[in-house]
Amino acid sequence: MRTESSSEDDNEPCSKRSKTVDTSKFPWARRRSSALAALPADIRETYKQLDNFIADPKSVVSNILSTPGCPPFPPSEWLNIVRWKYVDLGKVLDLAHMTKLDPKKTHVIDDEVELALRVTKSSAGIKTSSDHNIAFSMYIDAISFVFPQRRDEFIQYNTYLSRLFHAMEVRLHSRVIKFNRSIRNQVAMQRNLCLTDYSQFEHLRTTFLTSFGIGSNTASSSSGSGGRSNRRDGTGGRDDPCHKWNRGTCHKPDGECRFVHCCDRRGCQGAHQKSECPDKGGSK
C-alpha cells in the first residue's frame, strides 16, 4: 500500500530525486587528474576558476558588471570569457563605437541585469590591423580582469600578431586575421593550450599564411565561384583586384580601398594596372 508521503515524492521533479554524477567513475577520470597535474600553474589555475564559474556563469558576469573598475566589454563576450569560449572581436570593436544609452534596445544578461546601448557605427567585423589592435587590447583588459595569470600570455601573443601584420602586405592582413581567429578557436576548445604554444598551430600557419595553404584563397575563391565577396568574416573582397583602379578611376589609397590595387587581368595580379600588364597576350 502506498503512503501519502510516497505519493508526494512521486510528484516531485525528477531532478530532485536524481543522483549526483560521480565523476570519479568516468573512464577518463584518472587521465584528467594526471593531465591537470602536469599542466603549467597558470593553466591549472584557469581550470580551477572555470570549475567554479560553471555553476552559474551568468551570475559571475552580473558580479563582474557590478564591480567598480570593470573594463568595458560586451556582456555577451563577458559570458564567453567566463565559459572560456571563443570571443567575437567584431562585437568587441562595436563596443568602441557605443556612445549613448537607448532604452528601446536592451541586452539581457539574466533576469536581473539589463544593459541598454545604442551603436552609432557598426564595425562589420575585424577588417584591418588597426581594428584588431583596438579590439584585442580591450580583450586583454577583460581577460586580465577574470584570469590575471593569463595577462602576460595574451600580451605576448598580441605582440606576435602585430609582427605578423607588419611583416605582410596590407592586402594580406585578412589572412592574419583568419589565422588569429583559428588559433583562438582552438585554444577555446583545448583548454590545456595557451596562445603562445606556437608549435601547436603550425598547421594553421600553413593554412592561412602561405600561398599554398587551403585557407589563403578563401575570400577570392568564394568571390569567383559565386560572384559575391565573403562578408561574413569581415574581410569583404579585400583579396580581389580593384577594377576602378585598373581604369584609373579609384582615388583611394591601397590600404583604404576595399579591393587590392593590382592588375585585374586573370592570372596576373601584378603591381601594375591592366593597361601596363606585360602579359597582354595572356588570358583576359
# chains A, B, ... in the order shown; residues from 1 in each chain; ligands from 1
call {"tool": "residues_around", "arguments": {"residues": "Gln200 in chain A", "least_positions_apart": "6", "cutoff": "10 Å", "atoms": "only C-alpha atoms", "output": "JSON list (two decimals) with all heavy atoms, in the first residue's frame"}}
result
[["chain", "number", "residue", "atom", "x", "y", "z"],
["A", 183, "ILE", "N", 43.37, 30.22, -34.29],
["A", 183, "ILE", "CA", 44.15, 29.89, -33.10],
["A", 183, "ILE", "C", 43.30, 30.04, -31.84],
["A", 183, "ILE", "O", 43.26, 29.15, -30.98],
["A", 183, "ILE", "CB", 45.40, 30.79, -32.99],
["A", 183, "ILE", "CG1", 46.44, 30.38, -34.04],
["A", 183, "ILE", "CG2", 46.03, 30.69, -31.59],
["A", 183, "ILE", "CD1", 47.69, 31.24, -34.03],
["A", 186, "GLN", "N", 40.86, 27.27, -31.44],
["A", 186, "GLN", "CA", 41.45, 26.01, -30.99],
["A", 186, "GLN", "C", 41.75, 26.06, -29.49],
["A", 186, "GLN", "O", 41.53, 25.08, -28.78],
["A", 186, "GLN", "CB", 42.73, 25.71, -31.77],
["A", 186, "GLN", "CG", 43.36, 24.38, -31.40],
["A", 186, "GLN", "CD", 44.46, 23.94, -32.34],
["A", 186, "GLN", "OE1", 44.50, 24.35, -33.50],
["A", 186, "GLN", "NE2", 45.36, 23.11, -31.86],
["A", 187, "VAL", "N", 42.26, 27.19, -29.01],
["A", 187, "VAL", "CA", 42.57, 27.33, -27.59],
["A", 187, "VAL", "C", 41.29, 27.29, -26.76],
["A", 187, "VAL", "O", 41.28, 26.79, -25.63],
["A", 187, "VAL", "CB", 43.36, 28.63, -27.33],
["A", 187, "VAL", "CG1", 43.51, 28.90, -25.84],
["A", 187, "VAL", "CG2", 44.73, 28.56, -27.98],
["A", 193, "LEU", "N", 45.88, 24.23, -23.84],
["A", 193, "LEU", "CA", 46.79, 25.03, -24.67],
["A", 193, "LEU", "C", 46.76, 26.48, -24.23],
["A", 193, "LEU", "O", 45.79, 26.95, -23.65],
["A", 193, "LEU", "CB", 46.39, 24.94, -26.14],
["A", 193, "LEU", "CG", 46.47, 23.58, -26.83],
["A", 193, "LEU", "CD1", 45.99, 23.70, -28.27],
["A", 193, "LEU", "CD2", 47.90, 23.04, -26.79],
["A", 194, "CYS", "N", 47.83, 27.19, -24.55],
["A", 194, "CYS", "CA", 47.84, 28.63, -24.39],
["A", 194, "CYS", "C", 48.15, 29.25, -25.75],
["A", 194, "CYS", "O", 48.64, 28.58, -26.65],
["A", 194, "CYS", "CB", 48.84, 29.09, -23.32],
["A", 194, "CYS", "SG", 50.57, 28.75, -23.69]]
call {"tool": "residues_around", "arguments": {"residues": "Pro72 in chain A", "least_positions_apart": "4", "cutoff": "8 Å", "atoms": "only C-alpha atoms", "output": "MDAnalysis selection string"}}
result
chainID A and resid 95 138 142
call {"tool": "residues_around", "arguments": {"residues": "range 245-250 of chain A", "least_positions_apart": "3", "cutoff": "6 Å", "atoms": "only C-alpha atoms", "output": "list in words"}}
result
Cys242, Gln273 and Lys274 of chain A
call {"tool": "atom_distance", "arguments": {"atom1": "CA of Arg44 in chain A", "atom2": "CA of Asp56 in chain A"}}
result
20.1 Å
call {"tool": "closest_residue", "arguments": {"among": "A:Ala135, A:Val170, A:Ile140, A:Ala37", "to": "Val260 in chain A", "atoms": "only C-alpha atoms"}}
result
A:Val170
call {"tool": "atom_distance", "arguments": {"atom1": "CA of Trp84 in chain A", "atom2": "CA of Phe136 in chain A"}}
result
15.8 Å
call {"tool": "atom_distance", "arguments": {"atom1": "CA of Ser162 in chain A", "atom2": "CA of His132 in chain A"}}
result
9.1 Å
call {"tool": "closest_residue", "arguments": {"among": "A:His97, A:Arg181, A:Arg83, A:His243", "to": "Ser59 in chain A", "atoms": "only C-alpha atoms"}}
result
A:Arg83
call {"tool": "closest_residue", "arguments": {"among": "A:Ile143, A:Gln190, A:Met168, A:Gln149", "to": "Ala41 in chain A", "atoms": "only C-alpha atoms"}}
result
A:Gln149
call {"tool": "residues_around", "arguments": {"residues": "Thr128 in chain A", "least_positions_apart": "2", "cutoff": "8 Å", "atoms": "only C-alpha atoms", "output": "list in words"}}
result
Ile126, Ser130, Asp131, His132, His173 and Ser174 of chain A
call {"tool": "residues_around", "arguments": {"residues": "Thr196 in chain A", "least_positions_apart": "6", "cutoff": "12 Å", "atoms": "only C-alpha atoms", "output": "VMD selection string"}}
result
chain A and resid 150 to 161 180 183 to 184 187 202
call {"tool": "write_last_selection", "arguments": {"atoms": "N, CA, C and O atoms", "output": "PDB file, in the first residue's frame"}}
result
ATOM      1  N   ARG A 150      46.811  35.014 -16.852  1.00  0.00           N
ATOM      2  CA  ARG A 150      46.994  34.819 -18.291  1.00  0.00           C
ATOM      3  C   ARG A 150      47.347  36.118 -19.024  1.00  0.00           C
ATOM      4  O   ARG A 150      47.479  36.113 -20.256  1.00  0.00           O
ATOM      5  N   ARG A 151      47.495  37.206 -18.300  1.00  0.00           N
ATOM      6  CA  ARG A 151      47.730  38.506 -18.932  1.00  0.00           C
ATOM      7  C   ARG A 151      48.997  38.515 -19.796  1.00  0.00           C
ATOM      8  O   ARG A 151      48.967  38.936 -20.959  1.00  0.00           O
ATOM      9  N   ASP A 152      50.111  38.063 -19.238  1.00  0.00           N
ATOM     10  CA  ASP A 152      51.376  38.085 -19.983  1.00  0.00           C
ATOM     11  C   ASP A 152      51.280  37.258 -21.262  1.00  0.00           C
ATOM     12  O   ASP A 152      51.822  37.635 -22.306  1.00  0.00           O
ATOM     13  N   GLU A 153      50.595  36.135 -21.178  1.00  0.00           N
ATOM     14  CA  GLU A 153      50.414  35.268 -22.349  1.00  0.00           C
ATOM     15  C   GLU A 153      49.697  36.012 -23.475  1.00  0.00           C
ATOM     16  O   GLU A 153      50.124  35.965 -24.639  1.00  0.00           O
ATOM     17  N   PHE A 154      48.621  36.710 -23.141  1.00  0.00           N
ATOM     18  CA  PHE A 154      47.847  37.415 -24.155  1.00  0.00           C
ATOM     19  C   PHE A 154      48.621  38.607 -24.722  1.00  0.00           C
ATOM     20  O   PHE A 154      48.502  38.917 -25.911  1.00  0.00           O
ATOM     21  N   ILE A 155      49.407  39.262 -23.880  1.00  0.00           N
ATOM     22  CA  ILE A 155      50.222  40.378 -24.365  1.00  0.00           C
ATOM     23  C   ILE A 155      51.290  39.868 -25.335  1.00  0.00           C
ATOM     24  O   ILE A 155      51.521  40.460 -26.402  1.00  0.00           O
ATOM     25  N   GLN A 156      51.944  38.773 -24.985  1.00  0.00           N
ATOM     26  CA  GLN A 156      52.962  38.194 -25.864  1.00  0.00           C
ATOM     27  C   GLN A 156      52.352  37.752 -27.193  1.00  0.00           C
ATOM     28  O   GLN A 156      52.941  37.955 -28.264  1.00  0.00           O
ATOM     29  N   TYR A 157      51.177  37.168 -27.123  1.00  0.00           N
ATOM     30  CA  TYR A 157      50.510  36.713 -28.344  1.00  0.00           C
ATOM     31  C   TYR A 157      50.130  37.898 -29.230  1.00  0.00           C
ATOM     32  O   TYR A 157      50.279  37.837 -30.458  1.00  0.00           O
ATOM     33  N   ASN A 158      49.671  38.969 -28.622  1.00  0.00           N
ATOM     34  CA  ASN A 158      49.307  40.155 -29.400  1.00  0.00           C
ATOM     35  C   ASN A 158      50.541  40.766 -30.070  1.00  0.00           C
ATOM     36  O   ASN A 158      50.466  41.252 -31.206  1.00  0.00           O
ATOM     37  N   THR A 159      51.678  40.728 -29.386  1.00  0.00           N
ATOM     38  CA  THR A 159      52.930  41.201 -29.983  1.00  0.00           C
ATOM     39  C   THR A 159      53.304  40.338 -31.185  1.00  0.00           C
ATOM     40  O   THR A 159      53.744  40.844 -32.226  1.00  0.00           O
ATOM     41  N   TYR A 160      53.108  39.048 -31.043  1.00  0.00           N
ATOM     42  CA  TYR A 160      53.371  38.101 -32.142  1.00  0.00           C
ATOM     43  C   TYR A 160      52.511  38.432 -33.357  1.00  0.00           C
ATOM     44  O   TYR A 160      53.009  38.487 -34.492  1.00  0.00           O
ATOM     45  N   LEU A 161      51.228  38.697 -33.131  1.00  0.00           N
ATOM     46  CA  LEU A 161      50.333  39.042 -34.237  1.00  0.00           C
ATOM     47  C   LEU A 161      50.709  40.381 -34.859  1.00  0.00           C
ATOM     48  O   LEU A 161      50.655  40.544 -36.085  1.00  0.00           O
ATOM     49  N   ASN A 180      44.522  34.298 -36.672  1.00  0.00           N
ATOM     50  CA  ASN A 180      44.264  34.596 -35.264  1.00  0.00           C
ATOM     51  C   ASN A 180      42.940  33.988 -34.813  1.00  0.00           C
ATOM     52  O   ASN A 180      42.850  33.394 -33.730  1.00  0.00           O
ATOM     53  N   ILE A 183      43.374  30.220 -34.288  1.00  0.00           N
ATOM     54  CA  ILE A 183      44.154  29.889 -33.096  1.00  0.00           C
ATOM     55  C   ILE A 183      43.300  30.037 -31.843  1.00  0.00           C
ATOM     56  O   ILE A 183      43.261  29.149 -30.979  1.00  0.00           O
ATOM     57  N   ARG A 184      42.605  31.159 -31.736  1.00  0.00           N
ATOM     58  CA  ARG A 184      41.797  31.387 -30.538  1.00  0.00           C
ATOM     59  C   ARG A 184      40.654  30.383 -30.429  1.00  0.00           C
ATOM     60  O   ARG A 184      40.265  29.989 -29.327  1.00  0.00           O
ATOM     61  N   VAL A 187      42.262  27.195 -29.015  1.00  0.00           N
ATOM     62  CA  VAL A 187      42.570  27.332 -27.592  1.00  0.00           C
ATOM     63  C   VAL A 187      41.288  27.294 -26.757  1.00  0.00           C
ATOM     64  O   VAL A 187      41.284  26.791 -25.631  1.00  0.00           O
ATOM     65  N   GLU A 202      51.152  25.198 -36.138  1.00  0.00           N
ATOM     66  CA  GLU A 202      51.874  25.234 -37.410  1.00  0.00           C
ATOM     67  C   GLU A 202      50.958  24.889 -38.580  1.00  0.00           C
ATOM     68  O   GLU A 202      51.100  25.439 -39.677  1.00  0.00           O
TER      69      GLU A 202
END
call {"tool": "closest_residue", "arguments": {"among": "A:Ser34, A:Ser129, A:Arg191, A:Asp197", "to": "His166 in chain A", "atoms": "only C-alpha atoms"}}
result
A:Ser129
call {"tool": "residues_around", "arguments": {"residues": "Ile81 in chain A", "least_positions_apart": "5", "cutoff": "12 Å", "atoms": "only C-alpha atoms", "output": "PyMOL selection string"}}
result
chain A and resi 46+49-50+53-54+57-58+60-61+64+73-76+86-89+139-147+184+188
call {"tool": "decode", "arguments": {"residues": "range 128-183 of chain A", "atoms": "C-alpha atoms", "output": "PDB file, in the first residue's frame"}}
result
ATOM      1  CA  THR A 128      42.333  45.785 -40.572  1.00  0.00           C
ATOM      2  CA  SER A 129      45.291  45.558 -38.226  1.00  0.00           C
ATOM      3  CA  SER A 130      44.028  48.730 -36.525  1.00  0.00           C
ATOM      4  CA  ASP A 131      40.661  47.081 -35.891  1.00  0.00           C
ATOM      5  CA  HIS A 132      42.477  44.125 -34.398  1.00  0.00           C
ATOM      6  CA  ASN A 133      44.710  46.228 -32.154  1.00  0.00           C
ATOM      7  CA  ILE A 134      41.762  48.144 -30.700  1.00  0.00           C
ATOM      8  CA  ALA A 135      39.639  45.059 -30.065  1.00  0.00           C
ATOM      9  CA  PHE A 136      42.446  42.838 -28.804  1.00  0.00           C
ATOM     10  CA  SER A 137      43.659  45.482 -26.353  1.00  0.00           C
ATOM     11  CA  MET A 138      40.158  45.540 -24.870  1.00  0.00           C
ATOM     12  CA  TYR A 139      40.204  41.739 -24.860  1.00  0.00           C
ATOM     13  CA  ILE A 140      43.466  41.707 -22.894  1.00  0.00           C
ATOM     14  CA  ASP A 141      41.970  44.013 -20.261  1.00  0.00           C
ATOM     15  CA  ALA A 142      38.902  41.792 -19.909  1.00  0.00           C
ATOM     16  CA  ILE A 143      40.911  38.560 -19.723  1.00  0.00           C
ATOM     17  CA  SER A 144      43.240  40.114 -17.154  1.00  0.00           C
ATOM     18  CA  PHE A 145      40.247  41.084 -15.022  1.00  0.00           C
ATOM     19  CA  VAL A 146      38.973  37.494 -14.849  1.00  0.00           C
ATOM     20  CA  PHE A 147      42.158  35.477 -15.366  1.00  0.00           C
ATOM     21  CA  PRO A 148      45.025  37.752 -14.244  1.00  0.00           C
ATOM     22  CA  GLN A 149      47.514  34.885 -14.504  1.00  0.00           C
ATOM     23  CA  ARG A 150      46.994  34.819 -18.291  1.00  0.00           C
ATOM     24  CA  ARG A 151      47.730  38.506 -18.932  1.00  0.00           C
ATOM     25  CA  ASP A 152      51.376  38.085 -19.983  1.00  0.00           C
ATOM     26  CA  GLU A 153      50.414  35.268 -22.349  1.00  0.00           C
ATOM     27  CA  PHE A 154      47.847  37.415 -24.155  1.00  0.00           C
ATOM     28  CA  ILE A 155      50.222  40.378 -24.365  1.00  0.00           C
ATOM     29  CA  GLN A 156      52.962  38.194 -25.864  1.00  0.00           C
ATOM     30  CA  TYR A 157      50.510  36.713 -28.344  1.00  0.00           C
ATOM     31  CA  ASN A 158      49.307  40.155 -29.400  1.00  0.00           C
ATOM     32  CA  THR A 159      52.930  41.201 -29.983  1.00  0.00           C
ATOM     33  CA  TYR A 160      53.371  38.101 -32.142  1.00  0.00           C
ATOM     34  CA  LEU A 161      50.333  39.042 -34.237  1.00  0.00           C
ATOM     35  CA  SER A 162      51.492  42.653 -34.546  1.00  0.00           C
ATOM     36  CA  ARG A 163      54.777  41.441 -36.007  1.00  0.00           C
ATOM     37  CA  LEU A 164      52.896  39.272 -38.489  1.00  0.00           C
ATOM     38  CA  PHE A 165      50.801  42.256 -39.574  1.00  0.00           C
ATOM     39  CA  HIS A 166      53.980  44.298 -40.007  1.00  0.00           C
ATOM     40  CA  ALA A 167      55.686  41.539 -41.990  1.00  0.00           C
ATOM     41  CA  MET A 168      52.876  41.086 -44.513  1.00  0.00           C
ATOM     42  CA  GLU A 169      51.466  43.360 -47.192  1.00  0.00           C
ATOM     43  CA  VAL A 170      48.337  45.251 -46.204  1.00  0.00           C
ATOM     44  CA  ARG A 171      46.290  43.376 -48.791  1.00  0.00           C
ATOM     45  CA  LEU A 172      47.180  40.124 -46.996  1.00  0.00           C
ATOM     46  CA  HIS A 173      46.236  41.239 -43.492  1.00  0.00           C
ATOM     47  CA  SER A 174      42.955  39.370 -43.800  1.00  0.00           C
ATOM     48  CA  ARG A 175      44.994  36.157 -43.663  1.00  0.00           C
ATOM     49  CA  VAL A 176      46.497  37.133 -40.307  1.00  0.00           C
ATOM     50  CA  ILE A 177      43.006  37.942 -39.030  1.00  0.00           C
ATOM     51  CA  LYS A 178      41.768  34.486 -40.050  1.00  0.00           C
ATOM     52  CA  PHE A 179      44.902  32.884 -38.594  1.00  0.00           C
ATOM     53  CA  ASN A 180      44.264  34.596 -35.264  1.00  0.00           C
ATOM     54  CA  ARG A 181      40.615  33.570 -35.304  1.00  0.00           C
ATOM     55  CA  SER A 182      41.535  29.924 -35.853  1.00  0.00           C
ATOM     56  CA  ILE A 183      44.154  29.889 -33.096  1.00  0.00           C
TER      57      ILE A 183
END
